[in-house]
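Undergrad: Sharing entry-v9.txt here; it has compact mmCIF, C-alpha atoms and all ligand atoms.
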# COMPACT_ATOMS: atom_id res chain seq x y z
CA MET A 1 -5.02 -20.09 -7.10
CA PRO A 2 -2.62 -17.44 -8.41
CA GLY A 3 -0.03 -16.27 -5.87
CA GLY A 4 -0.74 -13.11 -3.91
CA ILE A 5 0.52 -9.79 -5.24
CA ASP A 6 1.43 -7.33 -2.51
CA PRO A 7 1.12 -3.77 -3.85
CA HIS A 8 2.81 -2.14 -0.85
CA THR A 9 6.12 -3.03 0.84
CA HIS A 10 9.21 -1.23 2.16
CA LEU A 11 12.18 -3.61 2.09
CA ALA A 12 15.55 -2.19 3.18
CA MET A 13 14.01 1.28 3.42
CA GLU A 14 16.01 4.04 5.04
CA ALA A 15 14.16 5.91 7.79
CA LEU A 16 15.31 8.01 10.75
CA ARG A 17 18.97 7.09 10.14
CA THR A 18 18.29 3.35 10.11
CA GLU A 19 17.00 0.81 7.57
CA SER A 20 14.00 -1.53 7.75
CA ILE A 21 15.33 -4.92 8.77
CA ASP A 22 13.88 -7.14 6.05
CA ASP A 23 15.74 -6.75 2.78
CA PHE A 24 14.79 -7.91 -0.70
CA PHE A 25 15.82 -11.47 0.18
CA SER A 26 14.54 -12.03 3.73
CA GLY A 27 11.27 -10.13 3.18
CA GLN A 28 10.59 -11.99 -0.04
CA ALA A 29 11.32 -15.37 1.57
CA ALA A 30 8.74 -14.58 4.27
CA ALA A 31 6.28 -13.53 1.58
CA LEU A 32 6.77 -16.72 -0.45
CA ALA A 33 6.20 -18.89 2.63
CA GLY A 34 2.86 -17.10 3.04
CA GLY A 35 1.72 -17.47 -0.57
CA THR A 36 2.69 -14.10 -2.02
CA THR A 37 4.65 -14.38 -5.27
CA MET A 38 5.15 -10.73 -6.26
CA HIS A 39 5.45 -7.41 -4.45
CA ILE A 40 5.77 -3.77 -5.43
CA ASP A 41 8.18 -1.70 -3.33
CA PHE A 42 8.53 2.08 -3.07
CA VAL A 43 11.74 3.60 -4.42
CA ILE A 44 12.84 6.60 -2.34
CA PRO A 45 14.79 9.18 -4.41
CA VAL A 46 18.35 10.11 -3.40
CA ASN A 47 18.44 13.86 -2.68
CA GLY A 48 15.33 14.21 -4.83
CA SER A 49 16.90 12.37 -7.79
CA LEU A 50 14.67 9.65 -9.21
CA SER A 51 17.41 8.03 -11.30
CA ALA A 52 19.79 7.85 -8.36
CA GLY A 53 16.99 6.35 -6.26
CA PHE A 54 16.18 3.83 -8.97
CA LYS A 55 19.85 2.77 -9.19
CA ALA A 56 20.05 2.36 -5.42
CA TYR A 57 16.96 0.13 -5.42
CA GLU A 58 18.28 -1.94 -8.34
CA ARG A 59 21.26 -2.69 -6.11
CA LYS A 60 19.10 -3.44 -3.07
CA ALA A 61 17.00 -5.87 -5.15
CA LYS A 62 19.74 -7.79 -6.92
CA ASN A 63 19.53 -10.81 -4.58
CA SER A 64 15.75 -11.09 -4.98
CA CYS A 65 14.21 -14.54 -4.76
CA MET A 66 10.75 -13.35 -5.83
CA ASP A 67 9.40 -11.19 -8.65
CA TYR A 68 9.06 -7.52 -7.80
CA GLY A 69 8.18 -4.15 -9.27
CA PHE A 70 8.71 -0.55 -8.18
CA HIS A 71 6.61 2.51 -7.42
CA MET A 72 8.54 5.80 -7.37
CA THR A 73 8.22 8.43 -4.64
CA ILE A 74 8.16 12.14 -5.51
CA THR A 75 9.59 14.40 -2.80
CA LYS A 76 10.32 17.66 -4.62
CA TRP A 77 9.39 19.43 -7.85
CA ASP A 78 11.43 20.95 -10.68
CA GLU A 79 12.06 20.45 -14.40
CA VAL A 80 14.50 17.61 -13.73
CA VAL A 81 11.98 15.65 -11.67
CA ALA A 82 9.33 16.14 -14.37
CA GLU A 83 11.76 14.81 -17.01
CA GLU A 84 12.88 11.92 -14.84
CA MET A 85 9.26 10.86 -14.33
CA GLU A 86 9.03 10.37 -18.08
CA ILE A 87 12.25 8.30 -18.10
CA MET A 88 10.92 6.15 -15.25
CA VAL A 89 7.71 5.44 -17.19
CA LYS A 90 9.16 5.03 -20.68
CA GLU A 91 12.45 3.31 -19.90
CA LYS A 92 12.34 1.84 -16.39
CA GLY A 93 8.98 0.10 -16.20
CA ILE A 94 7.47 2.25 -13.45
CA ASN A 95 3.80 3.26 -13.79
CA SER A 96 2.97 4.75 -10.39
CA PHE A 97 4.21 7.65 -8.25
CA LYS A 98 3.62 8.14 -4.52
CA PHE A 99 3.17 11.56 -2.95
CA PHE A 100 3.43 11.93 0.83
CA MET A 101 0.97 14.44 2.29
CA ALA A 102 2.55 13.79 5.73
CA TYR A 103 6.07 13.50 7.26
CA LYS A 104 6.56 17.27 7.35
CA GLY A 105 10.11 18.39 6.62
CA ILE A 106 11.13 14.94 5.34
CA LEU A 107 8.92 13.61 2.56
CA MET A 108 5.82 15.81 2.67
CA VAL A 109 4.68 17.71 -0.43
CA ASN A 110 2.30 20.69 -0.59
CA ASP A 111 -0.83 21.09 -2.73
CA GLU A 112 1.08 22.94 -5.47
CA LEU A 113 3.44 20.00 -5.89
CA LEU A 114 0.53 17.58 -5.68
CA LEU A 115 -1.18 19.37 -8.58
CA GLU A 116 1.99 19.44 -10.71
CA GLY A 117 2.58 15.79 -9.96
CA PHE A 118 -1.02 14.81 -10.75
CA LYS A 119 -0.85 16.62 -14.11
CA ARG A 120 2.42 14.88 -14.98
CA CYS A 121 1.05 11.47 -13.97
CA LYS A 122 -1.95 12.06 -16.17
CA SER A 123 0.08 12.92 -19.26
CA LEU A 124 2.31 9.86 -18.72
CA GLY A 125 -0.55 7.45 -18.00
CA ALA A 126 0.92 6.76 -14.56
CA LEU A 127 -1.07 6.19 -11.40
CA ALA A 128 -0.88 8.91 -8.74
CA MET A 129 -0.70 7.47 -5.22
CA VAL A 130 -1.04 9.41 -1.97
CA HIS A 131 -0.15 8.87 1.68
CA ALA A 132 -3.13 10.83 2.92
CA GLU A 133 -2.65 12.55 6.28
CA ASN A 134 -2.53 16.31 6.84
CA GLY A 135 1.18 16.67 7.69
CA ASP A 136 0.91 20.21 9.07
CA ALA A 137 -1.85 19.17 11.44
CA VAL A 138 0.07 16.03 12.44
CA PHE A 139 3.02 18.27 13.32
CA GLU A 140 0.68 20.37 15.47
CA GLY A 141 -0.79 17.23 17.07
CA GLN A 142 2.70 15.98 17.93
CA LYS A 143 3.59 19.27 19.63
CA ARG A 144 0.33 19.09 21.57
CA MET A 145 1.14 15.59 22.88
CA ILE A 146 4.70 16.49 23.86
CA GLU A 147 3.42 19.60 25.69
CA LEU A 148 0.98 17.38 27.56
CA GLY A 149 3.86 15.09 28.54
CA ILE A 150 2.53 12.19 26.45
CA THR A 151 5.79 10.91 24.97
CA GLY A 152 5.03 7.15 24.68
CA PRO A 153 3.79 5.19 21.64
CA GLU A 154 0.14 6.04 22.42
CA GLY A 155 1.08 9.66 21.69
CA HIS A 156 1.70 8.59 18.10
CA ALA A 157 -1.94 7.59 17.61
CA LEU A 158 -3.30 10.52 19.60
CA SER A 159 -1.31 13.04 17.57
CA ARG A 160 -2.74 11.97 14.20
CA PRO A 161 -6.44 11.07 14.64
CA PRO A 162 -8.71 9.80 11.82
CA VAL A 163 -9.99 13.30 11.05
CA LEU A 164 -6.55 14.20 9.63
CA GLU A 165 -6.60 11.13 7.39
CA GLY A 166 -10.14 11.97 6.27
CA GLU A 167 -9.18 15.55 5.46
CA ALA A 168 -6.15 14.62 3.35
CA THR A 169 -8.02 11.81 1.58
CA SER A 170 -10.83 14.18 0.69
CA ARG A 171 -8.39 16.88 -0.48
CA ALA A 172 -6.42 14.46 -2.66
CA ILE A 173 -9.65 13.08 -4.16
CA ARG A 174 -10.95 16.56 -4.97
CA LEU A 175 -7.65 17.67 -6.50
CA ALA A 176 -7.54 14.47 -8.58
CA SER A 177 -11.07 15.21 -9.75
CA PHE A 178 -10.06 18.77 -10.68
CA VAL A 179 -7.17 17.40 -12.79
CA ASN A 180 -9.27 14.41 -13.94
CA VAL A 181 -6.63 11.81 -13.10
CA PRO A 182 -7.07 8.38 -11.48
CA LEU A 183 -6.02 8.26 -7.81
CA TYR A 184 -4.83 5.45 -5.53
CA VAL A 185 -4.93 6.07 -1.76
CA VAL A 186 -2.39 3.82 -0.02
CA HIS A 187 -2.76 2.28 3.45
CA LEU A 188 -6.31 3.36 4.19
CA MET A 189 -6.74 3.01 7.97
CA SER A 190 -9.97 4.75 8.97
CA ILE A 191 -13.71 4.99 8.36
CA ASP A 192 -13.15 8.70 7.67
CA ALA A 193 -10.90 7.97 4.71
CA MET A 194 -12.93 5.00 3.49
CA GLU A 195 -16.11 7.08 3.35
CA GLU A 196 -14.38 9.65 1.14
CA ILE A 197 -13.42 6.85 -1.23
CA ALA A 198 -16.96 5.47 -1.22
CA LYS A 199 -18.47 8.87 -1.97
CA ALA A 200 -16.07 9.57 -4.84
CA ARG A 201 -16.56 6.16 -6.40
CA LYS A 202 -20.33 6.58 -6.18
CA SER A 203 -20.01 9.79 -8.16
CA GLY A 204 -18.06 7.93 -10.84
CA GLN A 205 -14.56 9.09 -9.95
CA ARG A 206 -11.67 6.67 -10.56
CA VAL A 207 -10.37 6.23 -7.04
CA ILE A 208 -8.80 3.10 -5.54
CA GLY A 209 -8.49 2.64 -1.78
CA GLU A 210 -5.94 0.17 -0.42
CA PRO A 211 -6.52 -1.21 3.09
CA VAL A 212 -3.59 -3.08 4.65
CA VAL A 213 -3.56 -6.28 6.70
CA SER A 214 -2.71 -4.52 9.98
CA GLY A 215 -5.55 -2.02 9.56
CA LEU A 216 -8.04 -4.76 8.70
CA ILE A 217 -7.14 -7.12 11.54
CA LEU A 218 -5.75 -5.13 14.48
CA ASP A 219 -6.98 -2.31 16.68
CA ASP A 220 -5.05 0.35 18.58
CA SER A 221 -5.10 -1.37 21.98
CA GLY A 222 -1.49 -2.56 21.61
CA LEU A 223 -0.27 1.06 21.62
CA TRP A 224 -1.35 1.35 25.26
CA ALA A 225 0.65 -1.71 26.37
CA PRO A 226 2.61 -0.83 29.54
CA ASP A 227 5.88 -2.15 28.16
CA PHE A 228 7.52 0.07 25.54
CA VAL A 229 8.80 -2.69 23.23
CA THR A 230 5.31 -4.17 22.88
CA ALA A 231 3.62 -0.82 22.32
CA ALA A 232 6.25 0.51 19.89
CA LYS A 233 5.92 -2.43 17.53
CA TYR A 234 2.41 -1.17 16.59
CA VAL A 235 3.62 2.32 15.58
CA MET A 236 2.89 2.96 11.90
CA SER A 237 1.36 5.78 9.88
CA PRO A 238 -1.49 6.39 9.51
CA PRO A 239 -1.93 4.77 12.94
CA ILE A 240 -3.76 1.55 13.64
CA ARG A 241 -7.19 2.82 14.71
CA ALA A 242 -9.61 2.12 17.54
CA SER A 243 -11.72 -1.00 17.21
CA GLY A 244 -14.55 -0.46 14.71
CA HIS A 245 -12.47 1.02 11.92
CA ASN A 246 -11.10 -2.46 11.10
CA LYS A 247 -14.60 -3.97 10.80
CA ALA A 248 -15.75 -1.09 8.59
CA LEU A 249 -12.76 -1.59 6.28
CA GLN A 250 -13.54 -5.32 6.08
CA ALA A 251 -17.12 -4.53 5.12
CA ALA A 252 -15.95 -2.05 2.48
CA LEU A 253 -13.76 -4.77 1.03
CA SER A 254 -16.59 -7.31 0.85
CA SER A 255 -18.97 -4.81 -0.72
CA GLY A 256 -16.54 -3.64 -3.41
CA VAL A 257 -15.91 -0.11 -2.11
CA LEU A 258 -12.30 -1.27 -1.70
CA GLN A 259 -10.76 -3.62 -4.25
CA LEU A 260 -7.41 -4.98 -3.09
CA VAL A 261 -5.25 -5.52 -0.02
CA GLY A 262 -1.61 -4.67 0.70
CA THR A 263 0.67 -5.25 3.69
CA ASP A 264 2.78 -2.05 4.00
CA HIS A 265 5.46 -4.37 5.42
CA CYS A 266 8.09 -2.10 6.97
CA ALA A 267 9.81 -3.98 9.77
CA PHE A 268 11.98 -2.46 12.49
CA THR A 269 13.48 -4.48 15.35
CA SER A 270 12.86 -3.65 19.02
CA THR A 271 16.31 -2.08 19.12
CA GLN A 272 15.45 0.20 16.19
CA LYS A 273 12.03 1.01 17.69
CA SER A 274 13.84 1.94 20.93
CA PHE A 275 15.29 5.05 19.26
CA GLY A 276 12.00 6.58 20.36
CA ILE A 277 11.94 5.38 23.97
CA ASP A 278 11.69 8.98 25.25
CA ASP A 279 9.81 10.47 22.31
CA PHE A 280 7.29 8.70 20.05
CA ARG A 281 8.32 10.98 17.16
CA LYS A 282 11.63 9.10 16.96
CA ILE A 283 10.10 5.61 16.72
CA PRO A 284 10.64 4.32 13.15
CA ASN A 285 7.19 3.90 11.57
CA GLY A 286 6.05 0.55 10.27
CA VAL A 287 4.81 -2.96 11.14
CA ASN A 288 5.50 -6.45 9.79
CA ALA A 289 2.92 -8.16 7.57
CA ILE A 290 4.51 -9.39 4.33
CA HIS A 291 4.01 -13.02 5.35
CA PHE A 292 0.31 -12.56 5.96
CA LEU A 293 -1.37 -11.20 2.83
CA ILE A 294 -3.00 -14.52 1.97
CA LEU A 295 -3.04 -16.18 5.40
CA LEU A 296 -4.89 -13.61 7.45
CA MET A 297 -7.29 -12.75 4.70
CA MET A 298 -8.29 -16.39 4.67
CA GLU A 299 -8.16 -16.96 8.39
CA LYS A 300 -10.51 -14.24 9.48
CA GLN A 301 -14.09 -15.24 9.95
CA TRP A 302 -15.34 -12.42 7.76
CA MET A 303 -13.60 -13.90 4.74
CA HIS A 304 -15.39 -17.19 5.28
CA LEU A 305 -18.58 -15.22 5.76
CA VAL A 306 -18.03 -13.56 2.41
CA TRP A 307 -17.50 -16.97 0.90
CA HIS A 308 -20.68 -18.41 2.37
CA THR A 309 -23.05 -15.50 2.06
CA MET A 310 -21.81 -14.18 -1.27
CA VAL A 311 -20.27 -17.08 -3.18
CA GLU A 312 -22.59 -19.90 -2.09
CA SER A 313 -25.62 -17.78 -2.86
CA GLY A 314 -24.17 -16.78 -6.22
CA LYS A 315 -23.79 -13.06 -5.47
CA ILE A 316 -20.12 -13.05 -6.33
CA SER A 317 -18.01 -15.58 -8.16
CA PRO A 318 -15.47 -17.78 -6.35
CA THR A 319 -12.74 -15.83 -8.10
CA ASN A 320 -13.56 -12.74 -6.04
CA TYR A 321 -11.36 -13.96 -3.24
CA VAL A 322 -8.50 -14.21 -5.71
CA ARG A 323 -9.42 -10.81 -7.08
CA LEU A 324 -8.76 -9.08 -3.73
CA THR A 325 -5.37 -10.70 -3.14
CA SER A 326 -4.03 -10.92 -6.68
CA THR A 327 -6.03 -10.18 -9.83
CA GLU A 328 -7.14 -6.63 -9.08
CA CYS A 329 -3.61 -5.61 -8.19
CA ALA A 330 -2.37 -7.01 -11.51
CA ARG A 331 -5.05 -5.07 -13.39
CA ILE A 332 -4.43 -1.78 -11.57
CA PHE A 333 -0.70 -1.98 -12.24
CA ASN A 334 -1.27 -3.20 -15.79
CA ILE A 335 0.46 -6.57 -15.64
CA TYR A 336 -2.64 -8.73 -16.05
CA PRO A 337 -2.83 -11.52 -17.27
CA ARG A 338 0.91 -12.14 -16.98
CA LYS A 339 0.30 -11.88 -13.23
CA GLY A 340 -2.92 -12.34 -11.25
CA ALA A 341 -4.19 -15.29 -13.28
CA THR A 342 -3.58 -18.98 -13.88
CA LEU A 343 -3.95 -18.92 -17.65
CA ALA A 344 -1.89 -20.32 -20.49
CA GLY A 345 0.85 -17.75 -21.02
CA SER A 346 0.70 -16.33 -17.47
CA ASP A 347 3.73 -16.61 -15.21
CA ALA A 348 3.52 -19.86 -13.23
CA ASP A 349 2.97 -18.20 -9.83
CA ILE A 350 0.59 -20.60 -8.16
CA ILE A 351 -0.28 -21.48 -4.57
CA ILE A 352 -2.06 -24.43 -3.03
CA LEU A 353 -4.00 -23.52 0.07
CA ASP A 354 -5.58 -26.04 2.40
CA PRO A 355 -8.60 -24.35 4.02
CA ASN A 356 -8.76 -27.08 6.70
CA SER A 357 -5.22 -27.09 8.06
CA SER A 358 -4.65 -24.79 11.01
CA PHE A 359 -1.79 -22.52 11.97
CA GLU A 360 -0.63 -20.46 14.90
CA ILE A 361 1.41 -17.32 14.40
CA THR A 362 4.55 -16.80 16.45
CA THR A 363 7.58 -14.60 15.99
CA ARG A 364 9.62 -17.65 15.09
CA SER A 365 7.17 -18.78 12.40
CA HIS A 366 6.94 -15.67 10.27
CA HIS A 367 10.24 -16.17 8.42
CA SER A 368 11.15 -12.51 8.73
CA ARG A 369 14.33 -11.19 10.38
CA LEU A 370 12.16 -9.34 12.84
CA ASP A 371 12.33 -10.20 16.56
CA THR A 372 8.69 -9.20 17.15
CA ASN A 373 5.37 -9.78 15.39
CA VAL A 374 2.20 -7.70 15.58
CA PHE A 375 0.12 -10.81 14.81
CA GLU A 376 1.74 -12.91 17.58
CA GLY A 377 -0.53 -15.60 19.02
CA MET A 378 -3.23 -15.49 16.36
CA LYS A 379 -4.61 -18.88 15.40
CA GLY A 380 -6.64 -19.84 12.41
CA LYS A 381 -7.43 -22.14 9.56
CA GLY A 382 -6.19 -21.97 6.02
CA LYS A 383 -2.54 -22.61 5.34
CA VAL A 384 -0.49 -22.22 2.20
CA GLU A 385 0.93 -25.70 1.63
CA VAL A 386 2.79 -25.07 -1.61
CA THR A 387 4.06 -21.95 -3.34
CA ILE A 388 5.22 -22.14 -6.94
CA ALA A 389 7.02 -19.02 -8.16
CA GLY A 390 8.00 -18.74 -11.80
CA GLY A 391 7.40 -22.46 -12.23
CA ARG A 392 9.64 -23.51 -9.33
CA ILE A 393 8.41 -24.96 -6.04
CA VAL A 394 9.79 -22.57 -3.43
CA TRP A 395 7.70 -23.58 -0.40
CA GLU A 396 6.60 -27.11 0.43
CA ASN A 397 6.48 -29.29 3.59
CA ASP A 398 7.22 -26.17 5.66
CA GLN A 399 10.53 -25.78 3.85
CA LEU A 400 11.70 -22.78 1.87
CA LYS A 401 13.79 -23.46 -1.23
CA VAL A 402 14.67 -19.99 -2.38
CA VAL A 403 17.53 -18.96 -4.64
CA PRO A 404 19.10 -15.49 -4.39
CA GLY A 405 18.91 -13.71 -7.72
CA SER A 406 16.05 -15.83 -9.11
CA GLY A 407 13.44 -13.05 -8.70
CA LYS A 408 12.73 -11.00 -11.81
CA TYR A 409 12.07 -7.27 -12.09
CA ILE A 410 8.60 -6.87 -13.58
CA GLU A 411 8.19 -3.81 -15.80
CA MET A 412 4.76 -2.25 -15.55
CA PRO A 413 3.47 -0.37 -18.61
CA PRO A 414 1.50 2.91 -18.33
CA PHE A 415 -2.17 3.55 -19.22
CA SER A 416 -3.92 0.83 -17.23
CA TYR A 417 -7.68 0.38 -17.55
CA LEU A 418 -8.12 3.22 -15.07
CA PHE A 419 -7.21 5.63 -17.88
CA ASP A 420 -9.88 4.34 -20.29
CA GLY A 421 -12.15 7.20 -21.31
CA ILE A 422 -10.18 9.97 -19.56
CA GLU A 423 -9.45 11.67 -22.91
CA LYS A 424 -13.10 11.65 -23.92
CA ALA A 425 -14.13 13.26 -20.64
CA ASP A 426 -11.46 15.94 -21.11
CA ALA A 427 -12.61 16.64 -24.67
CA LYS A 428 -16.18 17.03 -23.47
CA TYR A 429 -15.07 19.43 -20.73
CA LEU A 430 -13.01 21.51 -23.18
CA SER A 431 -15.82 21.78 -25.71
CA SER A 432 -18.15 22.95 -22.95
CA LEU A 433 -15.71 25.82 -22.29
CA HIS A 434 -15.83 26.88 -25.94
CA ALA A 435 -19.61 27.12 -26.12
CA PRO A 436 -20.26 30.71 -27.26
CA VAL A 437 -21.76 33.11 -24.70
CA LYS A 438 -24.24 35.53 -26.34
CA ARG A 439 -23.41 38.86 -24.73
CA PHE A 440 -24.31 42.48 -25.49
CA ASN A 441 -22.79 45.65 -24.16
CA SER A 442 -25.49 47.45 -22.14
CA ALA A 443 -23.42 50.67 -22.04
CA THR A 444 -23.88 51.43 -25.74
O1 LIG A 501 4.31 3.60 8.90
C1 LIG A 501 4.46 3.29 7.74
N1 LIG A 501 3.40 3.10 6.97
N2 LIG A 501 5.71 3.16 7.26
C2 LIG A 501 6.05 2.97 5.92
C3 LIG A 501 6.11 4.26 5.16
C4 LIG A 501 4.76 4.67 4.66
O2 LIG A 501 4.29 5.73 5.00
O3 LIG A 501 4.14 3.92 3.89
ZN ZN A 502 2.78 5.93 3.55
ZN ZN A 503 3.99 2.17 3.25
Output the file's structure in the form of C-alpha cells.
TA:
Amino acid sequence: MPGGIDPHTHLAMEALRTESIDDFFSGQAAALAGGTTMHIDFVIPVNGSLSAGFKAYERKAKNSCMDYGFHMTITKWDEVVAEEMEIMVKEKGINSFKFFMAYKGILMVNDELLLEGFKRCKSLGALAMVHAENGDAVFEGQKRMIELGITGPEGHALSRPPVLEGEATSRAIRLASFVNVPLYVVHLMSIDAMEEIAKARKSGQRVIGEPVVSGLILDDSGLWAPDFVTAAKYVMSPPIRASGHNKALQAALSSGVLQLVGTDHCAFTSTQKSFGIDDFRKIPNGVNAIHFLILLMMEKQWMHLVWHTMVESGKISPTNYVRLTSTECARIFNIYPRKGATLAGSDADIIILDPNSSFEITTRSHHSRLDTNVFEGMKGKGKVEVTIAGGRIVWENDQLKVVPGSGKYIEMPPFSYLFDGIEKADAKYLSSLHAPVKRFNSAT
C-alpha cells in the first residue's frame, strides 16, 4: 500500500528553552522504519516573522531522508503577517496555517486574530488549523492546581479538562462557519471535541478532525505513575484523556466522523522533561509516536474489527484503511495523487506490511533518539517489512538504509477540494442580503 503520510509532527521544535530531541533526520528515520514516507511539520515563526521562520526550518530540514512539507503557525497579526501569508502560499508551497487557542502568553491568539486569520486563509485558499483549548481557562486551571499543591504531571491533565477542549473546538467551528472557511482541528483528544466535529459535519460544514495515535491508543493512567520520569513522558496538550475517550475516537474514525490520523510526534528526553520536576507547567509538552502511524493503527483489535465487519461485508472498500493513514491526508493537503496512491505517475512511496508477523515495542526498537517510549511493552501483529521511499528501498530486513539529504520538500498548492463550492455559497448569502425590504414610513 502507499506509505503513511503523517500530517502532524514537531521535529527539532523549540519549546521552553529547549528543542525536541528528534530532528529532521532521526525522526524521519524512525518514521520510515514504521512505514511512513512523508510528514508535514509545523514551522514556528521567529519573532512573529513567517519568512524568518520558514528560513530556519529550511535549514533544520536540509539533512532530510524522507519527503516533508510544512504548515505555518500564526502567532501575531499585522499587515506584514497578512502579506507574508500570501508569500507562503504563492511562493513557498504552504497551504495551511495553525492558530493556537492555548499556550497563553507564548503562542495563543485571541478571537479577533482568529477571525482575521480565517478571512485571510479563505482568500488564499489555505486551510485554517486550530489547537483547540481555551487558553485563558487553562491558565486559570493551572493556578488552581498549584494553589491546591498539585504540582506533579497529573496536575497537567487536571488543569485542562475535556470541557476546555470542547469549548474551544465549538468556538473555532462556529467562527469558521461565520466566515465560511474550511477548518481543520488538530490533535483531537476528547469526546467533547469529537462531538462538536460530528455535529458540524452533520450540518454540512467543512470541518476535519485529526485524532493522534497517543489519543487513540492510550489513556491518562500513566500521568498518575508514582515515578516522575514515567508520568512526565505522557505530558502533552491537549492531555491524554481518561479511558473511554480513546474508544470513542476510534469509533468516530471507523464511522467516518474523523477521516485521518496523525502522530503529533514531539519528543523530549527524561532530562528535558525533568525541567518540570517541581512544577508541571515547566514540563515540555509532547509525546513520541512518529514510528507508529501505520503499526499501531494496524495492531489494534479495532482496526481488524473494521476490516472484518466493514470490508468483508462490503460496507467499505479495502482501500479505506489506506485512506485513513495516507490518501485522505494527501487529498486534504492537495498533493493527491502524487502522494497517497500507488498509481502510474505517483511518487514511488510504497510499503509492504505483513499482517501475520508480530512485534513488541521497546524503547530500543523505535529508532528515535528518545530514551523513553509511551508505547513501551505493547505487542501486536502487523509489521512493516519493506519501505520504499521515492523508489528506493530504505527499510528491509530490519535495516535502515537512509541517506541524509535525499528527502524532498513537497510544495502543497492552495484550494484543495475542501474549497469546492465555497464561492457559490458566499454568492448566495450575499444575494440574500440584497433582497429588497418593502418598508413604509408610518410617521407620515
Ligand atoms: O503537546 C503537544 N501537542 N506538543 C506539541 C505542540 C502542539 O501543541 O501541537
Ligand atoms: Zn497543538
Ligand atoms: Zn502538535
Undergrad: Could I get the residue neighbourhood of ligand ZN 502 (chain A) at 10 Å, counting all atoms listed in the file, as a PyMOL selection string?
TA: chain A and resi 8-10+42+98-103+107+129-133+185-188+236-238+264+285-286
Undergrad: Let me make sure I understand: among A:Pro153, A:Gly256, A:Glu411, A:Ala137, which one has the smallest atom-to-atom distance to A:Phe275 if we use all atoms listed in the file?
TA: A:Pro153
Undergrad: What is the distance between atom CA of A:Thr325 and atom CA of A:Ile40, in Å to one decimal?
TA: 13.3 Å
Undergrad: Go through A:Asn180, A:Gly155, A:Glu396, A:Ile94 one by one, measure the shortest atom-to-atom distance of each to A:Tyr429 using only C-alpha atoms, and give the residue with the smallest value.
TA: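 Using only C-alpha atoms, A:Tyr429 sits closest to A:Asn180.
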Undergrad: Using only C-alpha atoms, what residues lie at most 12 Å away from (-11.3, 15.4, -6.6) (file coordinates), given as a PDB file with C-alpha atoms, keeping the file's coordinate frame?
TA:
ATOM      1  CA  LEU A 115      -1.180  19.370  -8.580  1.00  0.00           C
ATOM      2  CA  PHE A 118      -1.020  14.810 -10.750  1.00  0.00           C
ATOM      3  CA  ALA A 168      -6.150  14.620   3.350  1.00  0.00           C
ATOM      4  CA  THR A 169      -8.020  11.810   1.580  1.00  0.00           C
ATOM      5  CA  SER A 170     -10.830  14.180   0.690  1.00  0.00           C
ATOM      6  CA  ARG A 171      -8.390  16.880  -0.480  1.00  0.00           C
ATOM      7  CA  ALA A 172      -6.420  14.460  -2.660  1.00  0.00           C
ATOM      8  CA  ILE A 173      -9.650  13.080  -4.160  1.00  0.00           C
ATOM      9  CA  ARG A 174     -10.950  16.560  -4.970  1.00  0.00           C
ATOM     10  CA  LEU A 175      -7.650  17.670  -6.500  1.00  0.00           C
ATOM     11  CA  ALA A 176      -7.540  14.470  -8.580  1.00  0.00           C
ATOM     12  CA  SER A 177     -11.070  15.210  -9.750  1.00  0.00           C
ATOM     13  CA  PHE A 178     -10.060  18.770 -10.680  1.00  0.00           C
ATOM     14  CA  VAL A 179      -7.170  17.400 -12.790  1.00  0.00           C
ATOM     15  CA  ASN A 180      -9.270  14.410 -13.940  1.00  0.00           C
ATOM     16  CA  VAL A 181      -6.630  11.810 -13.100  1.00  0.00           C
ATOM     17  CA  PRO A 182      -7.070   8.380 -11.480  1.00  0.00           C
ATOM     18  CA  LEU A 183      -6.020   8.260  -7.810  1.00  0.00           C
ATOM     19  CA  TYR A 184      -4.830   5.450  -5.530  1.00  0.00           C
ATOM     20  CA  GLU A 196     -14.380   9.650   1.140  1.00  0.00           C
ATOM     21  CA  ILE A 197     -13.420   6.850  -1.230  1.00  0.00           C
ATOM     22  CA  LYS A 199     -18.470   8.870  -1.970  1.00  0.00           C
ATOM     23  CA  ALA A 200     -16.070   9.570  -4.840  1.00  0.00           C
ATOM     24  CA  ARG A 201     -16.560   6.160  -6.400  1.00  0.00           C
ATOM     25  CA  SER A 203     -20.010   9.790  -8.160  1.00  0.00           C
ATOM     26  CA  GLY A 204     -18.060   7.930 -10.840  1.00  0.00           C
ATOM     27  CA  GLN A 205     -14.560   9.090  -9.950  1.00  0.00           C
ATOM     28  CA  ARG A 206     -11.670   6.670 -10.560  1.00  0.00           C
ATOM     29  CA  VAL A 207     -10.370   6.230  -7.040  1.00  0.00           C
TER      30      VAL A 207
END
Undergrad: Grab the atom CA of A:Trp395 to atom CA of A:Ala29 distance for me, in Å with one decimal place.
TA: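 One can read the atom CA of A:Trp395 to atom CA of A:Ala29 distance as 9.2 Å.
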Undergrad: Can you tell me, as a list in words, what residues are no more than 8 Å from A:Ala231 when counting only C-alpha atoms, ignoring any on the same chain fewer than 4 positions away?
TA: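 So, after excluding close chain neighbours, the residues are Pro153, Glu154, Gly222, Leu223, Trp224, Ala225, Pro226, Asp227 and Val235 of chain A.
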Undergrad: Using all atoms listed in the file, can you tell me which of A:Cys65, A:Val403, A:Ile217, A:Ala157 comes closest to ligand LIG 501 (chain A)?
TA: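 The shortest atom-to-atom distance to ligand LIG 501 (chain A) comes from A:Ala157.
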Undergrad: Determine the nearest neighbour of A:Thr342 from the options A:Ala427, A:Ile240, A:Leu148, A:Val322, counting all atoms listed in the file.
TA: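 Answer, going by the shortest atom-to-atom distance: A:Val322.
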Undergrad: To one decimal place in Å, what is the distance between atom CA of A:Ser221 and atom CA of A:Ser20?
TA: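 Between these atoms lies a distance of 23.8 Å.
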Undergrad: For a quick check of understanding, using only C-alpha atoms, which of A:Asp78, A:Asp349, A:Glu116, A:Asp279 has the smallest distance to A:Val394?
TA: A:Asp349
Undergrad: Would you pick out the contacts of A:Ala61 at 10 Å or less, using only C-alpha atoms, so that residues sharing its chain but fewer than 2 positions from it are not included, and give the list as number ranges by chain?
TA: A: 11-12, 23-25, 41, 55-59, 63-69, 404-405, 407-409
Undergrad: Give the answer as one residue: which of A:Ile277, A:Ala252, A:Leu370, A:Cys266 has the shortest atom-to-atom distance to ligand ZN 503 (chain A), using only C-alpha atoms and all ligand atoms?
TA: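 Once distances to ligand ZN 503 (chain A) are computed over only C-alpha atoms and all ligand atoms, the minimum belongs to A:Cys266.
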